[in-house]
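Engineer: Before I ask anything, let me first share the structure, which is written out below as structure tokens.
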Amino acid sequence: MLCISENNLYYWAKEDAKGNIKLSTLIKLAELVGFDLEEVAEKIEFFSQFHGHKIKLPKYLDEKFL
């Protein structure tokens, strides 16, 4: 069971949504519908932190990142 409300799904689908889907929820949804997580990772443009601060993370963590 996903434990995601239908309202949240509609909210996240909006182009101008102010909230963001949690990464763990995105992964659950992708796995449920059979999406390859590699492909999903390529589509992620940024992550949003508290107060809307946007950051980019590499697809793979390496020594250079750490």
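Residues are referred to by chain and number: the chain letter is A, B, ... according to the order shown in the structure tokens, the number counts from 1 in that chain, and ligands are numbered separately from 1 in the order shown.
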Show which residues sit within 10 Å of Ile55 of chain A, as a list in words. Count only C-alpha atoms, and ignore same-chain residues fewer than 4 positions away.

Structural biologist: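 So the residues in contact are Glu45, Phe46, Phe47, Ser48 and Gln49 of chain A.
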
Engineer: Enumerate as a PyMOL selection string all residues of segment 6-55 of chain A assigned to strand (DSSP E or B) by DSSP on the backbone, naming them with the chain letters and numbers the document uses.

Structural biologist: chain A and resi 47-48+54-55

Engineer: Need the shell around Cys3 of chain A: protein/DNA/RNA residues with any atom at most 12 Å away, counting only C-alpha atoms. Skip same-chain ones fewer than 2 positions apart. Format as a PDB file with C-alpha atoms, in the first residue's frame?

Structural biologist:
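Wrote it out as out-v4.pdb, contents follow:
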ATOM      1  CA  MET A   1       0.000   0.000   0.000  1.00  0.00           C
ATOM      2  CA  SER A   5      -3.771  10.546  -0.894  1.00  0.00           C
ATOM      3  CA  GLU A   6      -5.443  11.111  -4.236  1.00  0.00           C
ATOM      4  CA  ASN A   7      -5.362  14.849  -3.543  1.00  0.00           C
ATOM      5  CA  ASN A   8      -1.561  14.769  -3.333  1.00  0.00           C
ATOM      6  CA  LEU A   9      -1.317  12.983  -6.672  1.00  0.00           C
ATOM      7  CA  SER A  24      10.842   8.006  -1.364  1.00  0.00           C
ATOM      8  CA  THR A  25       7.290   8.414  -2.694  1.00  0.00           C
ATOM      9  CA  LYS A  28       7.586   3.793  -4.707  1.00  0.00           C
ATOM     10  CA  LEU A  29       5.415   5.055  -7.561  1.00  0.00           C
TER      11      LEU A  29
END

Engineer: What does the structure give for the distance between atom CA of Lys18 of chain A and atom CA of Gly52 of chain A, in Å to one decimal?

Structural biologist: 8.8 Å

Engineer: Can you tell me which residues surround Ile27 of chain A at a distance of at most 12 Å, considering only C-alpha atoms, apart from same-chain residues fewer than 6 positions away, and format the answer as a tab-separated table (two decimals) with C-alpha atoms, in the first residue's frame?

Structural biologist:
chain	number	residue	atom	x	y	z
A	2	LEU	CA	1.35	3.43	-0.94
A	21	ILE	CA	6.86	14.92	-4.03
A	33	VAL	CA	4.37	1.05	-12.43
A	34	GLY	CA	7.58	-0.66	-13.53
A	35	PHE	CA	9.70	2.38	-14.42
A	36	ASP	CA	13.44	1.89	-14.44
A	37	LEU	CA	14.93	3.97	-11.63
A	38	GLU	CA	17.89	4.88	-13.87
A	39	GLU	CA	15.48	6.56	-16.30
A	40	VAL	CA	13.65	8.31	-13.48
A	41	ALA	CA	16.96	9.64	-12.12
A	44	ILE	CA	15.12	14.72	-12.12

Engineer: Just to confirm, what's the straight-line distance from atom CA of Glu42 of chain A to atom CA of Lys14 of chain A in Å (one decimal)?

Structural biologist: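 Atom CA of Glu42 of chain A sits 20.4 Å away from atom CA of Lys14 of chain A.
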
Engineer: What does the structure give for the distance between atom CA of Tyr60 of chain A and atom CA of Leu26 of chain A, in Å to one decimal?

Structural biologist: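 Calculated distance between atom CA of Tyr60 of chain A and atom CA of Leu26 of chain A is 17.6 Å.
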
Engineer: Check chain A with DSSP on the backbone and list each residue it calls alpha helix (DSSP H), as a list in words.

Structural biologist: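 So, restricting chain A to alpha helix (DSSP H), we get Glu6, Asn7, Asn8, Leu9, Tyr10, Tyr11, Trp12, Ala13, Leu23, Ser24, Thr25, Leu26, Ile27, Lys28, Leu29, Ala30, Glu31, Leu32, Val33, Leu37, Glu38, Glu39, Val40, Ala41, Glu42 and Lys43 of chain A.
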